[in-house]
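Visitor: One structure, as structure tokens, below. Some questions next.
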Amino acid sequence: MTMPAARRIAHLDMDAFYASVELLRYPELRGRPVVIGGGSTAQPRQLADGTRQFALLRDYVGRGVVTTSTYEARALGVFSAMGMMKAAALAPEAVLLPTDFDSYRRLSRQFKAAVASIAPQIEDRGIDEIYLDLSEVAGETRALAQRIKQAVKDATGLSCSIGIAPNKLLAKICSDLEKPNGLTIVSHDDVPARIWPLPVRKINGIGPKASERLAMLGIETVAQLAAAEAHLLQEHFGLNYAEWLRRVAHGLDERPVVTSSEPKTISRETTFERDLHAKQDRAALSGIFTDLCTRLAADLLRKRCIGRTVGIKLRYADFRTVTRDVTLPHATADAAAIRRAAGECLRRVPLEQRLRLLGVRVSALSSMDEAAAQRAAVQGELFASL
Ligand code: DCP
Ligand code: MG
């Protein structure tokens, strides 16, 4: 048996992202506790002498929550999602700034473009985080990571933290270990030393409910999870989630980095040797149709994709082309499900004329592995909340 080649996967997460973007614009606030999340009343005022006057958290009244905070504010106990009044009690002297999503989005595009110039295999995970597949990128790991961090800094003036590991699961955990401006590299052999001491919450996919439930079983660390009896986990979390827990506790994760350059739609079509009629050539057409769906399902499986929208394309003998599609309740890669949905579409087109071409496509694609991990996670959360 040949082992698949080891991968080199990075997770990059910007440091105190929104707050750091604000500090680019108000450099005089560096080193001070700053909280983002005010409304327009928190807009700094330009004074006659050229200096700026900032709103202070102690003057805040309302029901808003903290969007993010600088590390100086975090040292005072102020974190994302905390009520602003509570934050004001902890850090009355902190500066309050309004959120400015346009700027955050602009800087987000800039840092991603800078990274893409070095490592093009990027999976976008939101405004301030990405996964990178560095397996095919030349260079020693630490030097490569430093180059990426420098490129982000040069393009935006901002710092980020990078975790590099054999898979997404470990890379994500690692990017958080030495924040801010961190660089953490782990191999599979480092899992017992670096990952096992961590609380189970550090694993992306073990939410608050699952960790609570694990704590009731005496499982607080990843090491304890790795050592847990399989039947105990199965009993409390169900087979799928228990199996997933066991794998992640050992640092195992096969999910690919899904780049946005991957297709949004996958299709198969065929032009007939002679024009076919829906009634007279029913059997032949039906066979071709089923065959298309089977091949399409195989394409999806090969690309590890599932899709929610199934569509057909018909070209009539007079070269007119029509399409129809249907969106399913759940994404699928199953040949029979695709055949059924495509059949439904076929019933919605006129079939008096002969046909030259028939095509089937699946769109609204997502990653098969991502979906499975999410299902397992949701199921675990459900079990945990019972
Ligand atoms: N964010 C938000 N609401 C939250 C958490 C975060 O609106 N509950 C926003 C503000 C953050 C951005 O998303 O700046 C990125 O989230 P992170 O969790 O990466 O937090 P930060 O980048 O602010 O800090 P860190 O340095 O810990 O990554
Ligand atoms: Mg961040």
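By convention in this document, the chains of the structure tokens carry letters A, B, ... by their order, each chain's residues are numbered from 1, and ligands are numbered from 1 in the order they are shown.
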Could you give me, as a tab-separated table, every stretch 35-108 of chain A residue with an atom at most 12 Å from stretch 161-181 of chain A, plus its closest atom pair and distance in Å to one decimal, counting only C-alpha atoms, rows ordered by chain then number?
Guide:
```
residue	atom	partner	partner_atom	distance
A:Thr70	CA	A:Pro180	CA	10.4
A:Tyr71	CA	A:Pro180	CA	8.4
A:Glu72	CA	A:Pro180	CA	11.7
A:Arg74	CA	A:Pro180	CA	12.0
```
Visitor: Residues near A:Ile148, anyone? I mean within 10 Å using only C-alpha atoms, not counting same-chain ones fewer than 2 positions away, as a list in words.
Guide: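 Once the adjacent positions are removed, what remains is Leu12, Phe111, Ala114, Val115, Ala116, Ser117, Ile118, Ala119, Arg142, Ala143, Leu144, Ala145, Gln146, Gln150, Ala151, Val152, Lys153, Asp154, Cys160 and Ile162 of chain A.
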Visitor: Export C-alpha atoms of the chosen residues as a compact mmCIF listing (two decimals), in the first residue's frame?
Guide:
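Output below, filename out.txt:
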```txt
# COMPACT_ATOMS: atom_id res chain seq x y z
CA LEU A 12 -3.33 32.27 8.21
CA PHE A 111 -3.81 40.66 2.15
CA ALA A 114 -0.43 39.46 -1.41
CA VAL A 115 -0.52 35.86 -0.20
CA ALA A 116 -1.73 34.64 -3.61
CA SER A 117 1.38 36.12 -5.25
CA ILE A 118 3.44 33.57 -3.28
CA ALA A 119 1.03 30.69 -2.67
CA ARG A 142 9.82 28.51 8.07
CA ALA A 143 11.42 30.72 5.42
CA LEU A 144 8.35 30.40 3.22
CA ALA A 145 6.03 31.36 6.07
CA GLN A 146 8.22 34.39 6.85
CA GLN A 150 6.33 39.86 5.04
CA ALA A 151 4.22 40.06 1.88
CA VAL A 152 1.09 40.63 4.00
CA LYS A 153 2.92 43.30 6.01
CA ASP A 154 4.23 45.05 2.91
CA CYS A 160 -0.90 37.92 10.87
CA ILE A 162 0.37 31.40 10.60
```
Visitor: What is the distance, in Å and to one decimal place, between atom CA of A:Arg375 and atom CA of A:His330?
Guide: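 These two atoms are separated by 11.9 Å.
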Visitor: Could you pull the residues within 12 Å of stretch 276-283 of chain A, counting only C-alpha atoms, minus those fewer than 5 positions along the same chain, as a ChimeraX atom specification?
Guide: /A:271,288-290,314-317,346-347,349-358
Visitor: Would you mind exporting N, CA and C atoms of the selected residues as a short mmCIF file (atom, residue, chain, number, x, y, z; two decimals), in the first residue's frame?
Guide:
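Wrote it out as result_15.cif, contents follow:
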```
data_model
loop_
_atom_site.label_atom_id
_atom_site.label_comp_id
_atom_site.auth_asym_id
_atom_site.auth_seq_id
_atom_site.Cartn_x
_atom_site.Cartn_y
_atom_site.Cartn_z
N THR A 271 -23.71 15.18 -27.89
CA THR A 271 -24.44 15.43 -29.12
C THR A 271 -24.69 14.08 -29.78
N ILE A 288 -29.05 7.12 -22.59
CA ILE A 288 -28.02 8.17 -22.69
C ILE A 288 -28.11 9.11 -21.48
N PHE A 289 -29.35 9.42 -21.12
CA PHE A 289 -29.61 10.34 -20.01
C PHE A 289 -29.05 9.76 -18.71
N THR A 290 -29.35 8.50 -18.46
CA THR A 290 -28.87 7.84 -17.24
C THR A 290 -27.35 7.78 -17.24
N LEU A 314 -30.95 21.19 -23.34
CA LEU A 314 -31.42 20.48 -24.53
C LEU A 314 -31.16 21.34 -25.75
N ARG A 315 -30.69 20.71 -26.81
CA ARG A 315 -30.65 21.46 -28.07
C ARG A 315 -31.53 20.73 -29.06
N TYR A 316 -32.48 21.50 -29.65
CA TYR A 316 -33.40 20.91 -30.60
C TYR A 316 -32.76 20.81 -31.97
N ALA A 317 -33.44 20.07 -32.83
CA ALA A 317 -32.95 19.90 -34.21
C ALA A 317 -32.73 21.26 -34.89
N LEU A 346 -36.63 17.64 -17.16
CA LEU A 346 -36.97 17.22 -18.52
C LEU A 346 -38.48 17.30 -18.76
N ARG A 347 -39.24 17.04 -17.70
CA ARG A 347 -40.71 17.09 -17.84
C ARG A 347 -41.21 18.52 -18.01
N VAL A 349 -39.88 20.74 -20.17
CA VAL A 349 -39.55 21.32 -21.48
C VAL A 349 -40.39 20.65 -22.57
N PRO A 350 -40.71 21.41 -23.63
CA PRO A 350 -41.47 20.82 -24.74
C PRO A 350 -40.61 19.78 -25.46
N LEU A 351 -41.24 18.65 -25.82
CA LEU A 351 -40.45 17.57 -26.42
C LEU A 351 -41.06 17.10 -27.74
N GLU A 352 -41.72 18.03 -28.46
CA GLU A 352 -42.30 17.63 -29.75
C GLU A 352 -41.20 17.45 -30.79
N GLN A 353 -40.25 18.38 -30.78
CA GLN A 353 -39.19 18.36 -31.78
C GLN A 353 -38.11 17.34 -31.46
N ARG A 354 -37.39 16.91 -32.48
CA ARG A 354 -36.24 16.04 -32.24
C ARG A 354 -35.13 16.80 -31.53
N LEU A 355 -34.27 16.02 -30.88
CA LEU A 355 -33.19 16.61 -30.09
C LEU A 355 -31.83 16.30 -30.70
N ARG A 356 -30.94 17.28 -30.65
CA ARG A 356 -29.56 17.09 -31.11
C ARG A 356 -28.61 16.79 -29.97
N LEU A 357 -28.92 17.42 -28.82
CA LEU A 357 -27.95 17.38 -27.73
C LEU A 357 -28.68 17.32 -26.39
N LEU A 358 -28.07 16.62 -25.48
CA LEU A 358 -28.61 16.57 -24.12
C LEU A 358 -27.44 16.76 -23.15
#
```
Visitor: Go through the chains and note each residue within 10 Å of ligand 1, using only C-alpha atoms and all ligand atoms, then give the set as JSON, numbers by chain.
Guide: {"A": [12, 13, 14, 15, 16, 17, 18, 19, 20, 21, 36, 37, 65, 66, 67, 68, 69, 70, 71, 74, 79, 80, 81, 82, 99, 101, 104, 126, 127, 128, 129, 159, 160, 161, 175, 176, 178, 179, 180, 181, 182]}
Visitor: Give me, please, the distance in Å between atom CA of A:Ala193 and atom CA of A:Arg255, quoted to one decimal.
Guide: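 So the answer is 23.2 Å.
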Visitor: With distances taken over only C-alpha atoms and all ligand atoms, which of A:Ser108, A:Gln224, A:Gln43, A:Ser211 is nearest to ligand 2?
Guide: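 Between A:Ser108, A:Gln224, A:Gln43, A:Ser211, the residue approaching ligand 2 most closely is A:Ser108.
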Visitor: Could you work out how far atom CA of A:Pro256 lies from atom CA of A:Ile122, giving the answer in Å with one decimal?
Guide: 10.8 Å
Visitor: Output as a PyMOL selection string all residues of stretch 15-163 of chain A that backbone DSSP marks as helix (DSSP H, G or I).
Guide: chain A and resi 17-25+27-29+40-42+57-59+71-74+84-90+101-116+141-156
Visitor: What's the 9 Å shell around A:Ile266, counting only C-alpha atoms, without same-chain residues fewer than 6 positions away, as a list of chain:residue names?
Guide: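 Contacts, in chain order: A:Leu296, A:Asp299, A:Leu300, A:Gly307, A:Val360, A:Arg361, A:Val362, A:Ser363, A:Leu365.
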Visitor: Take the selection from the previous step and output its residues with N, CA and C atoms, as a PDB file, in the first residue's frame.
Guide:
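Ended up saving to selection.pdb:
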```
ATOM      1  N   LEU A 296     -21.533  12.052 -14.556  1.00  0.00           N
ATOM      2  CA  LEU A 296     -21.476  13.310 -13.807  1.00  0.00           C
ATOM      3  C   LEU A 296     -21.246  13.030 -12.320  1.00  0.00           C
ATOM      4  N   ASP A 299     -17.700  12.294 -11.844  1.00  0.00           N
ATOM      5  CA  ASP A 299     -16.895  13.527 -11.885  1.00  0.00           C
ATOM      6  C   ASP A 299     -16.932  14.227 -10.524  1.00  0.00           C
ATOM      7  N   LEU A 300     -18.142  14.308  -9.963  1.00  0.00           N
ATOM      8  CA  LEU A 300     -18.317  14.973  -8.671  1.00  0.00           C
ATOM      9  C   LEU A 300     -17.494  14.263  -7.595  1.00  0.00           C
ATOM     10  N   GLY A 307     -23.426  18.919  -5.013  1.00  0.00           N
ATOM     11  CA  GLY A 307     -24.095  20.111  -5.514  1.00  0.00           C
ATOM     12  C   GLY A 307     -25.578  20.091  -5.202  1.00  0.00           C
ATOM     13  N   VAL A 360     -26.393  17.465 -18.792  1.00  0.00           N
ATOM     14  CA  VAL A 360     -26.809  17.523 -17.380  1.00  0.00           C
ATOM     15  C   VAL A 360     -25.713  18.245 -16.624  1.00  0.00           C
ATOM     16  N   ARG A 361     -26.094  19.102 -15.705  1.00  0.00           N
ATOM     17  CA  ARG A 361     -25.062  19.781 -14.909  1.00  0.00           C
ATOM     18  C   ARG A 361     -25.494  19.848 -13.444  1.00  0.00           C
ATOM     19  N   VAL A 362     -24.492  19.964 -12.588  1.00  0.00           N
ATOM     20  CA  VAL A 362     -24.740  20.164 -11.159  1.00  0.00           C
ATOM     21  C   VAL A 362     -23.990  21.413 -10.751  1.00  0.00           C
ATOM     22  N   SER A 363     -24.678  22.329 -10.074  1.00  0.00           N
ATOM     23  CA  SER A 363     -24.022  23.562  -9.620  1.00  0.00           C
ATOM     24  C   SER A 363     -24.353  23.801  -8.154  1.00  0.00           C
ATOM     25  N   LEU A 365     -22.010  24.096  -5.900  1.00  0.00           N
ATOM     26  CA  LEU A 365     -21.140  23.030  -5.400  1.00  0.00           C
ATOM     27  C   LEU A 365     -20.545  23.362  -4.040  1.00  0.00           C
TER      28      LEU A 365
END
```
Visitor: Enumerate as an MDAnalysis selection string all residues of stretch 136-220 of chain A assigned to strand (DSSP E) by DSSP on the backbone, naming them with the chain letters and numbers the document uses.
Guide: chainID A and resid 160:165 183:185
Visitor: Export N, CA and C atoms of the chosen residues as a PDB file, in the first residue's frame?
Guide:
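Saved the output as out-v6.pdb:
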```pdb
ATOM      1  N   CYS A 160      -0.013  39.075  10.845  1.00  0.00           N
ATOM      2  CA  CYS A 160      -0.896  37.917  10.873  1.00  0.00           C
ATOM      3  C   CYS A 160      -0.196  36.793  11.627  1.00  0.00           C
ATOM      4  N   SER A 161      -0.941  35.737  11.921  1.00  0.00           N
ATOM      5  CA  SER A 161      -0.356  34.560  12.541  1.00  0.00           C
ATOM      6  C   SER A 161      -0.595  33.374  11.628  1.00  0.00           C
ATOM      7  N   ILE A 162       0.436  32.539  11.511  1.00  0.00           N
ATOM      8  CA  ILE A 162       0.366  31.396  10.599  1.00  0.00           C
ATOM      9  C   ILE A 162       0.639  30.106  11.352  1.00  0.00           C
ATOM     10  N   GLY A 163      -0.177  29.102  11.085  1.00  0.00           N
ATOM     11  CA  GLY A 163       0.090  27.751  11.572  1.00  0.00           C
ATOM     12  C   GLY A 163       0.346  26.867  10.368  1.00  0.00           C
ATOM     13  N   ILE A 164       1.367  26.022  10.440  1.00  0.00           N
ATOM     14  CA  ILE A 164       1.649  25.107   9.328  1.00  0.00           C
ATOM     15  C   ILE A 164       1.736  23.689   9.861  1.00  0.00           C
ATOM     16  N   ALA A 165       1.031  22.794   9.168  1.00  0.00           N
ATOM     17  CA  ALA A 165       0.886  21.427   9.657  1.00  0.00           C
ATOM     18  C   ALA A 165       0.551  20.517   8.483  1.00  0.00           C
ATOM     19  N   LEU A 183       4.092  32.270  14.446  1.00  0.00           N
ATOM     20  CA  LEU A 183       4.398  31.292  13.404  1.00  0.00           C
ATOM     21  C   LEU A 183       4.647  29.967  14.103  1.00  0.00           C
ATOM     22  N   THR A 184       3.740  29.025  13.903  1.00  0.00           N
ATOM     23  CA  THR A 184       3.827  27.738  14.593  1.00  0.00           C
ATOM     24  C   THR A 184       3.796  26.625  13.564  1.00  0.00           C
ATOM     25  N   ILE A 185       4.796  25.781  13.620  1.00  0.00           N
ATOM     26  CA  ILE A 185       4.898  24.678  12.663  1.00  0.00           C
ATOM     27  C   ILE A 185       4.868  23.371  13.448  1.00  0.00           C
TER      28      ILE A 185
END
```
Visitor: Quick one: residues within 9 Å of A:Ala94, only C-alpha atoms counted, chain neighbours fewer than 6 positions away excluded, as a ChimeraX atom specification?
Guide: /A:32-35,55-58,73,88
Visitor: Ranking A:Ala89, A:Leu252, A:Leu158, A:Leu245 by minimum distance to ligand 2 and counting only C-alpha atoms and all ligand atoms, which one comes first?
Guide: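 Ranking A:Ala89, A:Leu252, A:Leu158, A:Leu245 by distance to ligand 2, first place goes to A:Leu158.
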